[in-house]
Amino acid sequence: MPSMIPVLPINSLAKVAGRGHLGAMLPRIQSIATGVPSFAITQHQVRDFVASALPQGLPSRIAAIYDSTGVNSRAIVQAPEEYLGPPDFGARNALYLAAGQQLLEEVANTALAKAGLAPDQIDAIVCVSSTGIATPSMASQMLNPMGFRADVMCLPLFGYGCAGGVLGLQVAGDLVRADPRRCVLLLTLELCSLAFRFGDLTKKAIIASTLFADGASAIVLTADGDGPALGHFAQHTWPDSRAMMGWDVDTLGLGLILSRDLPAFVASEFAPVVDGFLAQAGLEKAALTEPACHPGGRKVIDALEAYFDDLPGGLVQTRAVLADHGNMSSPTVHFVLERILAKGESGPLLLTALGPGFTGAMGVLHR
């Protein structure tokens with residue numbers, strides 16, 4: 001009977017030559033790349049566009065929301081006028097597939113170049129995305145255009161939403177832990193603007209139009225090198241909390257579920273969970289440098305800053321990413337992470353994000 005043990009390609013086996021015990025190796029980030037679509041739009045342009053396309057304009061109380069979210073500019077995947085009228089989910093999902101793959105290929109090529117790797121040296125691709133439907137998976141459709149091997153493992157992760165950047169990193173790291181010979185490419189893609197429903201003046205729809213944006217990221221992980229090492233990661237899902245965040249699927253496609261109670265939830269529910277996570281990781285909150293937090297929105301950042309009250313400058317990079325790019329869902333925490341790693345600091349680095357479930361995601365990098 002033939003063996004069922006998978007045989008790794010020669011280029012993967014070569015990576016373990018001269019090493020000691022494989023189990024002692026930790027996943028390490030070799031490179032990180034981020035990217036956004038080409039259509040840039042300011043917050044004032046969004047407000048004025050929405051107002052000009054409505055017969056009665058925007059009520060002043062609603063228009064004022066655009067000035068209070070902490071977002072200055074964003075990138076979207078198509079020109080603003082293309083969002084007019086009722087959404088055609090088929091057409092928008094086709095755009096998700098075409099433009100999304102192009103954006104993923106751009107960030108993947110950049111991350112691979114930074115790591116000094118060719119596509120055929122990647123053994124597994126983890127692809128996180130919750131803003132469109134791709135079957136076969138987006139990663140599998142990238143194999144031939146980019147030159148990945150036919151036997152590369154493709155692992156699509158759907159439904160994590162904003163928590164996907166941290167949870168995807170955990171899954172990618174676990175693949176390296178399971179076999180330290182693997183080179184793993186983590187991809188995240190969210191085109192949140194494709195869920196925009198023009199003319200919907202419900203509070204959650206207005207908040208979505210003031211906050212969400214489009215972006216992608218790529219991270220290369222191996223057991224080699226001296227990049228930041230992945231330490232303890234954890235996920236916590238609260239029971240009976242589905243109404244906090246997620247999608248409703250109807251004839252128009254994906255409709256946002258979003259609770260206005262998220263900032264209060266951070267203080268009352270997420271803070272104790274982070275306390276417990278830090279204790280398990282053997283870390284003191286007061287000793288941490290600025291963490292990489294997913295910027296859910298200005299009020300969520302306010303609540304997180306109240307928790308991380310020992311930081312002299314607050315969550316500077318988290319606020320900066322929100323201002324420059326808005327909330328891009330799963331890739332956003334990688335934009336924050338990229339900026340923090342560029343500062344060249346040492347010591348443990350905490351990552352946090354909240355997403356559908358309702359789920360909290362936490363991880364530690366050792367720099």
# chains A, B, ... in the order shown; residues from 1 in each chain; ligands from 1
>>> select_by_dssp(residues="region 139-207 of chain A", states="strand (DSSP E)", output="list of chain:residue names")
A:Met153, A:Cys154, A:Leu155, A:Pro156, A:Leu157, A:Val184, A:Leu185, A:Leu186, A:Leu187, A:Thr188, A:Leu189, A:Glu190, A:Leu191
>>> closest_atom_pairs(of="region 187-256 of chain A", to="region 109-116 of chain A", cutoff="9 Å", atoms="only C-alpha atoms", output="tab-separated table")
residue	atom	partner	partner_atom	distance
A:Ser217	CA	A:Ala111	CA	8.7
A:Ala218	CA	A:Ala111	CA	6.0
A:Ile219	CA	A:Ala111	CA	6.3
A:Val220	CA	A:Ala111	CA	6.6
>>> write_last_selection(atoms="N, CA and C atoms", output="PDB file, in the first residue's frame")
ATOM      1  N   SER A 217      -3.413  42.913   2.236  1.00  0.00           N
ATOM      2  CA  SER A 217      -2.088  42.761   2.842  1.00  0.00           C
ATOM      3  C   SER A 217      -1.532  41.390   2.519  1.00  0.00           C
ATOM      4  N   ALA A 218      -0.215  41.267   2.663  1.00  0.00           N
ATOM      5  CA  ALA A 218       0.470  39.991   2.481  1.00  0.00           C
ATOM      6  C   ALA A 218       1.604  39.891   3.483  1.00  0.00           C
ATOM      7  N   ILE A 219       1.736  38.727   4.108  1.00  0.00           N
ATOM      8  CA  ILE A 219       2.797  38.478   5.086  1.00  0.00           C
ATOM      9  C   ILE A 219       3.424  37.128   4.779  1.00  0.00           C
ATOM     10  N   VAL A 220       4.749  37.080   4.744  1.00  0.00           N
ATOM     11  CA  VAL A 220       5.479  35.830   4.549  1.00  0.00           C
ATOM     12  C   VAL A 220       5.979  35.339   5.897  1.00  0.00           C
TER      13      VAL A 220
END
>>> closest_residue(among="A:Ala323, A:Leu84, A:Leu252, A:Leu189", to="Gly165 (chain A)", atoms="only C-alpha atoms")
A:Leu189
>>> atom_distance(atom1="CA of Leu155 (chain A)", atom2="CA of Cys127 (chain A)")
6.2 Å
>>> atom_distance(atom1="CA of Arg197 (chain A)", atom2="CA of Gly85 (chain A)")
8.0 Å
>>> residues_around(residues="region 93-99 of chain A", least_positions_apart="5", cutoff="10 Å", atoms="only C-alpha atoms", output="compact mmCIF listing (two decimals) with C-alpha atoms, in the first residue's frame")
# COMPACT_ATOMS: atom_id res chain seq x y z
CA PRO A 37 -7.09 50.31 -4.77
CA VAL A 77 -12.31 49.81 -5.64
CA GLN A 78 -14.38 51.77 -8.18
CA ASP A 88 -26.27 44.31 -8.23
CA LEU A 104 -3.71 40.52 -3.90
CA GLU A 105 -1.16 39.78 -6.61
CA THR A 131 -16.50 40.74 1.51
CA GLY A 132 -17.10 38.53 -1.51
CA ILE A 133 -17.55 34.94 -2.61
CA ALA A 134 -14.85 33.05 -4.51
CA THR A 135 -15.23 29.38 -5.40
CA SER A 137 -10.79 30.21 -3.82
CA MET A 138 -9.03 33.46 -4.67
CA GLN A 141 -6.99 31.33 -8.95
CA LEU A 189 -8.41 41.13 1.13
CA GLU A 190 -11.51 43.18 1.91
CA LEU A 191 -13.47 45.33 -0.54
CA CYS A 192 -15.92 46.68 2.02
CA LEU A 194 -18.97 46.75 -2.42
CA ALA A 195 -21.50 46.27 0.39
CA GLY A 253 -26.23 40.61 -1.39
>>> residues_around(residues="Val336 (chain A)", least_positions_apart="6", cutoff="12 Å", atoms="only C-alpha atoms", output="CSV table (one decimal) with all heavy atoms, in the first residue's frame")
chain,number,residue,atom,x,y,z
A,32,ILE,N,6.3,42.0,5.2
A,32,ILE,CA,4.9,42.4,5.2
A,32,ILE,C,4.7,43.5,4.2
A,32,ILE,O,5.5,44.3,4.0
A,32,ILE,CB,4.5,42.9,6.7
A,32,ILE,CG1,3.0,43.3,6.7
A,32,ILE,CG2,5.4,44.1,7.1
A,32,ILE,CD1,2.5,43.6,8.1
A,33,ALA,N,3.6,43.4,3.5
A,33,ALA,CA,3.2,44.4,2.4
A,33,ALA,C,1.8,44.7,2.5
A,33,ALA,O,0.9,43.9,2.8
A,33,ALA,CB,3.6,43.9,1.1
A,34,THR,N,1.4,46.0,2.3
A,34,THR,CA,0.0,46.4,2.3
A,34,THR,C,-0.3,47.2,1.0
A,34,THR,O,0.6,47.7,0.4
A,34,THR,CB,-0.3,47.3,3.5
A,34,THR,OG1,0.6,48.4,3.5
A,34,THR,CG2,-0.1,46.5,4.8
A,165,GLY,N,-7.4,39.6,10.4
A,165,GLY,CA,-6.0,39.9,10.3
A,165,GLY,C,-5.2,39.2,11.4
A,165,GLY,O,-4.1,38.6,11.2
A,166,VAL,N,-5.7,39.1,12.6
A,166,VAL,CA,-5.0,38.5,13.7
A,166,VAL,C,-5.2,37.0,13.7
A,166,VAL,O,-4.3,36.2,13.8
A,166,VAL,CB,-5.5,39.0,15.1
A,166,VAL,CG1,-4.9,38.3,16.3
A,166,VAL,CG2,-5.2,40.5,15.2
A,217,SER,N,-3.4,42.9,2.2
A,217,SER,CA,-2.1,42.8,2.8
A,217,SER,C,-1.5,41.4,2.5
A,217,SER,O,-2.3,40.5,2.1
A,217,SER,CB,-2.2,43.0,4.4
A,217,SER,OG,-2.9,41.9,5.0
A,290,GLU,N,3.4,50.4,22.4
A,290,GLU,CA,2.2,50.6,21.7
A,290,GLU,C,1.8,49.3,21.0
A,290,GLU,O,2.5,48.7,20.2
A,290,GLU,CB,2.3,51.7,20.6
A,290,GLU,CG,1.0,51.9,19.9
A,290,GLU,CD,1.1,53.0,18.8
A,290,GLU,OE1,2.2,53.6,18.6
A,290,GLU,OE2,0.1,53.2,18.1
A,291,PRO,N,0.6,48.8,21.2
A,291,PRO,CA,0.1,47.6,20.6
A,291,PRO,C,-0.4,47.9,19.2
A,291,PRO,O,-0.7,49.0,18.8
A,291,PRO,CB,-1.0,47.1,21.5
A,291,PRO,CG,-1.6,48.3,22.1
A,291,PRO,CD,-0.4,49.2,22.2
A,292,ALA,N,-0.5,46.8,18.3
A,292,ALA,CA,-1.1,46.9,17.0
A,292,ALA,C,-2.6,46.5,17.2
A,292,ALA,O,-2.9,45.3,17.2
A,292,ALA,CB,-0.4,46.1,16.0
A,293,CYS,N,-3.5,47.5,17.2
A,293,CYS,CA,-4.9,47.2,17.4
A,293,CYS,C,-5.7,47.5,16.1
A,293,CYS,O,-5.4,48.5,15.5
A,293,CYS,CB,-5.5,48.1,18.6
A,293,CYS,SG,-4.8,47.8,20.2
A,294,HIS,N,-6.6,46.7,15.8
A,294,HIS,CA,-7.5,47.0,14.7
A,294,HIS,C,-8.3,48.2,15.0
A,294,HIS,O,-9.0,48.2,16.1
A,294,HIS,CB,-8.4,45.8,14.4
A,294,HIS,CG,-9.5,46.1,13.4
A,294,HIS,ND1,-9.2,46.3,12.1
A,294,HIS,CD2,-10.8,46.4,13.6
A,294,HIS,CE1,-10.4,46.6,11.5
A,294,HIS,NE2,-11.3,46.7,12.4
A,295,PRO,N,-8.3,49.2,14.2
A,295,PRO,CA,-9.1,50.5,14.5
A,295,PRO,C,-10.5,50.4,14.0
A,295,PRO,O,-10.9,50.8,12.9
A,295,PRO,CB,-8.3,51.5,13.7
A,295,PRO,CG,-7.7,50.8,12.5
A,295,PRO,CD,-7.4,49.4,13.0
A,315,LEU,N,-2.8,55.3,21.3
A,315,LEU,CA,-2.7,54.4,20.1
A,315,LEU,C,-2.4,55.2,18.9
A,315,LEU,O,-3.3,55.4,18.0
A,315,LEU,CB,-3.9,53.5,20.0
A,315,LEU,CG,-4.2,52.6,21.2
A,315,LEU,CD1,-5.6,51.9,21.0
A,315,LEU,CD2,-3.1,51.6,21.3
A,316,VAL,N,-1.2,55.7,18.8
A,316,VAL,CA,-0.8,56.7,17.7
A,316,VAL,C,-1.0,56.1,16.3
A,316,VAL,O,-1.6,56.6,15.4
A,316,VAL,CB,0.6,57.2,17.9
A,316,VAL,CG1,1.0,58.1,16.8
A,316,VAL,CG2,0.7,57.9,19.3
A,317,GLN,N,-0.4,54.9,16.1
A,317,GLN,CA,-0.4,54.3,14.8
A,317,GLN,C,-1.8,53.8,14.4
A,317,GLN,O,-2.2,53.8,13.2
A,317,GLN,CB,0.6,53.2,14.7
A,317,GLN,CG,2.0,53.6,15.0
A,317,GLN,CD,2.5,54.8,14.1
A,317,GLN,OE1,2.0,54.9,12.9
A,317,GLN,NE2,3.3,55.7,14.6
A,318,THR,N,-2.5,53.3,15.4
A,318,THR,CA,-3.9,52.8,15.1
A,318,THR,C,-4.8,54.0,14.7
A,318,THR,O,-5.5,53.9,13.7
A,318,THR,CB,-4.5,52.2,16.4
A,318,THR,OG1,-3.8,51.0,16.7
A,318,THR,CG2,-6.0,51.8,16.2
A,319,ARG,N,-4.7,55.1,15.3
A,319,ARG,CA,-5.4,56.3,14.9
A,319,ARG,C,-5.0,56.8,13.5
A,319,ARG,O,-5.8,57.3,12.7
A,319,ARG,CB,-5.3,57.4,15.9
A,319,ARG,CG,-6.0,57.2,17.2
A,319,ARG,CD,-6.1,58.5,18.0
A,319,ARG,NE,-6.8,58.3,19.3
A,319,ARG,CZ,-8.1,58.3,19.5
A,319,ARG,NH1,-8.9,58.5,18.4
A,319,ARG,NH2,-8.6,58.0,20.7
A,320,ALA,N,-3.7,56.7,13.3
A,320,ALA,CA,-3.1,57.2,12.0
A,320,ALA,C,-3.6,56.4,10.8
A,320,ALA,O,-4.0,56.9,9.8
A,320,ALA,CB,-1.6,57.2,12.0
A,321,VAL,N,-3.7,55.1,11.0
A,321,VAL,CA,-4.2,54.2,10.0
A,321,VAL,C,-5.7,54.5,9.7
A,321,VAL,O,-6.1,54.5,8.6
A,321,VAL,CB,-3.9,52.7,10.3
A,321,VAL,CG1,-4.7,51.8,9.3
A,321,VAL,CG2,-2.4,52.4,10.2
A,322,LEU,N,-6.4,54.6,10.8
A,322,LEU,CA,-7.9,55.0,10.6
A,322,LEU,C,-8.0,56.3,9.8
A,322,LEU,O,-8.9,56.4,8.9
A,322,LEU,CB,-8.6,55.1,12.0
A,322,LEU,CG,-10.1,55.4,11.9
A,322,LEU,CD1,-10.8,54.2,11.3
A,322,LEU,CD2,-10.6,55.7,13.3
A,323,ALA,N,-7.2,57.3,10.2
A,323,ALA,CA,-7.3,58.6,9.5
A,323,ALA,C,-6.9,58.5,8.0
A,323,ALA,O,-7.6,59.1,7.1
A,323,ALA,CB,-6.4,59.6,10.2
A,324,ASP,N,-5.9,57.7,7.7
A,324,ASP,CA,-5.4,57.6,6.3
A,324,ASP,C,-6.1,56.7,5.4
A,324,ASP,O,-6.2,56.8,4.2
A,324,ASP,CB,-3.9,57.2,6.4
A,324,ASP,CG,-3.0,58.3,7.0
A,324,ASP,OD1,-3.5,59.4,7.2
A,324,ASP,OD2,-1.9,57.9,7.4
A,325,HIS,N,-6.7,55.6,6.1
A,325,HIS,CA,-7.3,54.5,5.2
A,325,HIS,C,-8.7,54.1,5.6
A,325,HIS,O,-9.3,53.3,4.9
A,325,HIS,CB,-6.4,53.3,5.3
A,325,HIS,CG,-5.0,53.5,4.8
A,325,HIS,ND1,-4.7,53.7,3.4
A,325,HIS,CD2,-3.8,53.6,5.4
A,325,HIS,CE1,-3.4,53.8,3.3
A,325,HIS,NE2,-2.8,53.8,4.4
A,326,GLY,N,-9.2,54.5,6.8
A,326,GLY,CA,-10.5,54.0,7.2
A,326,GLY,C,-10.4,52.6,7.8
A,326,GLY,O,-9.3,52.1,8.0
A,327,ASN,N,-11.5,52.0,8.0
A,327,ASN,CA,-11.6,50.6,8.5
A,327,ASN,C,-11.7,49.7,7.3
A,327,ASN,O,-12.7,49.6,6.6
A,327,ASN,CB,-12.8,50.5,9.4
A,327,ASN,CG,-12.9,49.1,10.0
A,327,ASN,OD1,-12.3,48.1,9.5
A,327,ASN,ND2,-13.6,48.9,11.1
A,328,MET,N,-10.6,49.0,7.0
A,328,MET,CA,-10.6,48.1,5.8
A,328,MET,C,-10.9,46.6,6.3
A,328,MET,O,-10.5,45.7,5.5
A,328,MET,CB,-9.2,48.1,5.1
A,328,MET,CG,-8.9,49.5,4.6
A,328,MET,SD,-7.1,49.6,4.1
A,328,MET,CE,-6.4,49.8,5.7
A,330,SER,N,-10.3,43.1,7.8
A,330,SER,CA,-9.1,42.2,8.2
A,330,SER,C,-7.7,42.8,7.9
A,330,SER,O,-6.8,42.6,8.7
A,330,SER,CB,-9.3,40.8,7.6
A,330,SER,OG,-9.3,40.8,6.2
A,342,ALA,N,8.2,49.2,11.6
A,342,ALA,CA,9.1,50.1,11.0
A,342,ALA,C,9.8,51.0,12.0
A,342,ALA,O,10.9,51.5,11.6
A,342,ALA,CB,8.4,50.9,9.9
A,343,LYS,N,9.3,51.1,13.2
A,343,LYS,CA,9.9,51.9,14.2
A,343,LYS,C,11.2,51.3,14.8
A,343,LYS,O,12.0,51.9,15.4
A,343,LYS,CB,8.9,52.3,15.3
A,343,LYS,CG,7.8,53.1,14.8
A,343,LYS,CD,6.6,53.1,15.8
A,343,LYS,CE,7.0,53.8,17.1
A,343,LYS,NZ,5.8,53.8,18.1
A,349,LEU,N,5.1,42.5,21.4
A,349,LEU,CA,4.2,43.4,20.7
A,349,LEU,C,2.8,42.7,20.7
A,349,LEU,O,2.7,41.6,20.1
A,349,LEU,CB,4.6,43.7,19.3
A,349,LEU,CG,3.6,44.5,18.4
A,349,LEU,CD1,3.3,45.8,18.9
A,349,LEU,CD2,4.2,44.6,17.0
A,350,LEU,N,1.8,43.4,21.3
A,350,LEU,CA,0.4,42.8,21.3
A,350,LEU,C,-0.3,43.2,20.1
A,350,LEU,O,-0.3,44.4,19.7
A,350,LEU,CB,-0.3,43.3,22.6
A,350,LEU,CG,-1.7,42.9,22.8
A,350,LEU,CD1,-1.8,41.4,23.0
A,350,LEU,CD2,-2.3,43.7,23.9
A,351,LEU,N,-1.1,42.3,19.6
A,351,LEU,CA,-2.1,42.5,18.5
A,351,LEU,C,-3.5,42.2,19.0
A,351,LEU,O,-3.7,41.2,19.7
A,351,LEU,CB,-1.8,41.7,17.2
A,351,LEU,CG,-0.5,41.9,16.5
A,351,LEU,CD1,0.6,41.1,17.1
A,351,LEU,CD2,-0.7,41.5,15.0
A,352,THR,N,-4.5,43.1,18.6
A,352,THR,CA,-5.8,42.8,19.0
A,352,THR,C,-6.8,43.2,17.9
A,352,THR,O,-6.5,44.1,17.1
A,352,THR,CB,-6.3,43.6,20.3
A,352,THR,OG1,-6.5,45.0,19.9
A,352,THR,CG2,-5.3,43.5,21.4
A,353,ALA,N,-7.9,42.5,17.8
A,353,ALA,CA,-8.9,42.8,16.8
A,353,ALA,C,-10.2,42.2,17.3
A,353,ALA,O,-10.3,41.2,18.1
A,353,ALA,CB,-8.6,42.3,15.4
>>> closest_residue(among="A:Pro356, A:Gly147, A:Pro136, A:Gly282", to="Ala118 (chain A)", atoms="only C-alpha atoms")
A:Gly147
>>> residues_around(residues="region 256-264 of chain A", least_positions_apart="6", cutoff="12 Å", atoms="only C-alpha atoms", output="compact mmCIF listing (two decimals) with N, CA and C atoms, in the first residue's frame")
# COMPACT_ATOMS: atom_id res chain seq x y z
N SER A 130 -13.83 38.31 3.65
CA SER A 130 -15.23 38.12 3.99
C SER A 130 -16.18 39.04 3.23
N THR A 131 -15.67 39.75 2.20
CA THR A 131 -16.50 40.74 1.51
C THR A 131 -16.87 40.32 0.09
N GLY A 161 -14.14 38.55 9.28
CA GLY A 161 -14.33 40.00 9.26
C GLY A 161 -13.12 40.73 9.80
N CYS A 162 -13.37 41.72 10.64
CA CYS A 162 -12.30 42.57 11.16
C CYS A 162 -11.29 41.81 12.00
N CYS A 192 -14.73 46.36 1.23
CA CYS A 192 -15.92 46.68 2.02
C CYS A 192 -16.88 47.60 1.27
N SER A 193 -16.36 48.43 0.40
CA SER A 193 -17.22 49.39 -0.30
C SER A 193 -18.27 48.70 -1.17
N LEU A 194 -18.02 47.46 -1.56
CA LEU A 194 -18.97 46.75 -2.42
C LEU A 194 -20.25 46.38 -1.70
N ALA A 195 -20.28 46.52 -0.37
CA ALA A 195 -21.50 46.27 0.39
C ALA A 195 -22.32 47.55 0.61
N PHE A 196 -21.82 48.69 0.08
CA PHE A 196 -22.53 49.96 0.27
C PHE A 196 -23.88 49.94 -0.44
N ARG A 197 -24.92 50.36 0.27
CA ARG A 197 -26.27 50.40 -0.29
C ARG A 197 -26.72 51.85 -0.37
N ASP A 200 -29.67 54.10 1.69
CA ASP A 200 -30.00 53.55 3.00
C ASP A 200 -29.54 54.54 4.07
N THR A 202 -30.34 54.31 7.35
CA THR A 202 -30.32 53.77 8.71
C THR A 202 -29.00 54.12 9.36
N LYS A 203 -29.00 54.14 10.69
CA LYS A 203 -27.80 54.55 11.41
C LYS A 203 -26.60 53.67 11.05
N LYS A 204 -26.80 52.36 10.99
CA LYS A 204 -25.67 51.47 10.70
C LYS A 204 -25.15 51.69 9.29
N ALA A 205 -26.06 51.99 8.33
CA ALA A 205 -25.63 52.22 6.95
C ALA A 205 -24.82 53.51 6.84
N ILE A 206 -25.25 54.55 7.56
CA ILE A 206 -24.50 55.81 7.56
C ILE A 206 -23.13 55.61 8.16
N ILE A 207 -23.05 54.91 9.31
CA ILE A 207 -21.76 54.65 9.94
C ILE A 207 -20.86 53.89 8.97
N ALA A 208 -21.43 52.90 8.28
CA ALA A 208 -20.64 52.13 7.32
C ALA A 208 -20.07 53.03 6.22
N SER A 209 -20.89 53.96 5.73
CA SER A 209 -20.43 54.83 4.64
C SER A 209 -19.40 55.85 5.11
N LEU A 211 -17.02 55.04 7.36
CA LEU A 211 -15.94 54.32 8.04
C LEU A 211 -15.21 53.31 7.17
N PHE A 212 -15.95 52.46 6.46
CA PHE A 212 -15.33 51.29 5.84
C PHE A 212 -14.68 51.62 4.49
N SER A 241 -24.01 36.53 20.78
CA SER A 241 -23.54 37.87 20.42
C SER A 241 -23.52 38.10 18.91
N ARG A 242 -24.23 37.27 18.16
CA ARG A 242 -24.20 37.39 16.71
C ARG A 242 -24.67 38.77 16.24
N ALA A 243 -25.58 39.40 16.96
CA ALA A 243 -26.14 40.68 16.54
C ALA A 243 -25.14 41.83 16.66
N MET A 244 -23.95 41.58 17.19
CA MET A 244 -22.97 42.65 17.32
C MET A 244 -22.39 43.05 15.96
N MET A 245 -22.10 42.06 15.11
CA MET A 245 -21.42 42.36 13.85
C MET A 245 -21.52 41.16 12.91
N GLY A 246 -21.65 41.43 11.61
CA GLY A 246 -21.67 40.34 10.64
C GLY A 246 -22.38 40.76 9.37
N TRP A 247 -22.83 39.76 8.62
CA TRP A 247 -23.57 39.98 7.38
C TRP A 247 -24.97 39.39 7.50
N ASP A 248 -25.95 40.11 6.95
CA ASP A 248 -27.24 39.54 6.58
C ASP A 248 -27.22 39.37 5.07
N VAL A 249 -27.58 38.20 4.58
CA VAL A 249 -27.58 37.95 3.14
C VAL A 249 -29.02 38.01 2.64
N ASP A 250 -29.28 38.91 1.68
CA ASP A 250 -30.62 39.04 1.12
C ASP A 250 -30.52 39.18 -0.39
N PHE A 270 -14.32 43.03 26.56
CA PHE A 270 -13.05 42.71 25.92
C PHE A 270 -11.87 42.95 26.85
N ALA A 271 -11.93 44.01 27.65
CA ALA A 271 -10.81 44.33 28.54
C ALA A 271 -10.46 43.17 29.48
N PRO A 295 -8.30 49.24 14.19
CA PRO A 295 -9.06 50.47 14.47
C PRO A 295 -10.50 50.36 14.02
N GLY A 296 -11.36 49.81 14.84
CA GLY A 296 -12.75 49.63 14.47
C GLY A 296 -13.47 50.93 14.19
N GLY A 297 -13.06 52.00 14.82
CA GLY A 297 -13.67 53.31 14.68
C GLY A 297 -13.15 54.20 15.80
N ARG A 298 -13.43 55.50 15.72
CA ARG A 298 -12.87 56.43 16.70
C ARG A 298 -13.27 56.08 18.12
N LYS A 299 -14.55 55.77 18.34
CA LYS A 299 -15.01 55.48 19.69
C LYS A 299 -14.44 54.17 20.22
N VAL A 300 -14.24 53.21 19.31
CA VAL A 300 -13.60 51.95 19.72
C VAL A 300 -12.15 52.21 20.13
N ILE A 301 -11.45 53.06 19.37
CA ILE A 301 -10.07 53.41 19.74
C ILE A 301 -10.05 54.13 21.07
N ASP A 302 -11.01 55.03 21.30
CA ASP A 302 -11.10 55.71 22.61
C ASP A 302 -11.20 54.69 23.74
N ALA A 303 -12.05 53.68 23.55
CA ALA A 303 -12.24 52.66 24.58
C ALA A 303 -10.97 51.84 24.77
N LEU A 304 -10.27 51.52 23.68
CA LEU A 304 -9.01 50.77 23.78
C LEU A 304 -7.94 51.61 24.47
N GLU A 305 -7.89 52.90 24.17
CA GLU A 305 -6.91 53.76 24.83
C GLU A 305 -7.18 53.87 26.33
N ALA A 306 -8.45 53.87 26.71
CA ALA A 306 -8.77 53.89 28.14
C ALA A 306 -8.26 52.62 28.82
N TYR A 307 -8.26 51.49 28.08
CA TYR A 307 -7.73 50.25 28.65
C TYR A 307 -6.20 50.30 28.71
N LEU A 354 -11.35 42.77 16.87
CA LEU A 354 -12.69 42.28 17.19
C LEU A 354 -13.45 42.07 15.89
N GLY A 355 -14.22 40.97 15.82
CA GLY A 355 -14.94 40.68 14.59
C GLY A 355 -16.18 39.85 14.84
N PRO A 356 -16.85 39.44 13.76
CA PRO A 356 -18.10 38.68 13.87
C PRO A 356 -17.91 37.44 14.73
N GLY A 357 -18.97 37.13 15.42
CA GLY A 357 -18.96 35.94 16.29
C GLY A 357 -19.87 36.08 17.51
N PHE A 358 -19.73 37.11 18.34
CA PHE A 358 -18.75 38.18 18.30
C PHE A 358 -17.44 37.67 18.91
N THR A 359 -16.32 37.98 18.26
CA THR A 359 -15.06 37.33 18.58
C THR A 359 -13.96 38.34 18.83
N GLY A 360 -13.17 38.08 19.86
CA GLY A 360 -11.95 38.83 20.12
C GLY A 360 -10.75 38.00 19.72
>>> residues_around(residues="region 273-280 of chain A", least_positions_apart="5", cutoff="10 Å", atoms="only C-alpha atoms", output="VMD selection string")
chain A and resid 232 to 236 266 268 285 307 350 352 360 to 364
>>> residues_around(residues="Ala40 (chain A)", least_positions_apart="4", cutoff="8 Å", atoms="only C-alpha atoms", output="VMD selection string")
chain A and resid 73 to 76
>>> atom_distance(atom1="CA of Leu365 (chain A)", atom2="CA of Thr69 (chain A)")
29.3 Å
>>> select_by_dssp(residues="region 120-330 of chain A", states="helix (DSSP H, G or I)", output="PyMOL selection string")
chain A and resi 120-121+138-146+161-178+192-195+203-211+242-244+262-281+285-287+298-307+316-325
>>> closest_residue(among="A:Pro239, A:Thr210, A:Ala223, A:Tyr160", to="Asp174 (chain A)", atoms="only C-alpha atoms")
A:Ala223
>>> closest_residue(among="A:Gly90, A:Gly35, A:Pro348, A:Pro119", to="Leu288 (chain A)", atoms="only C-alpha atoms")
A:Pro348
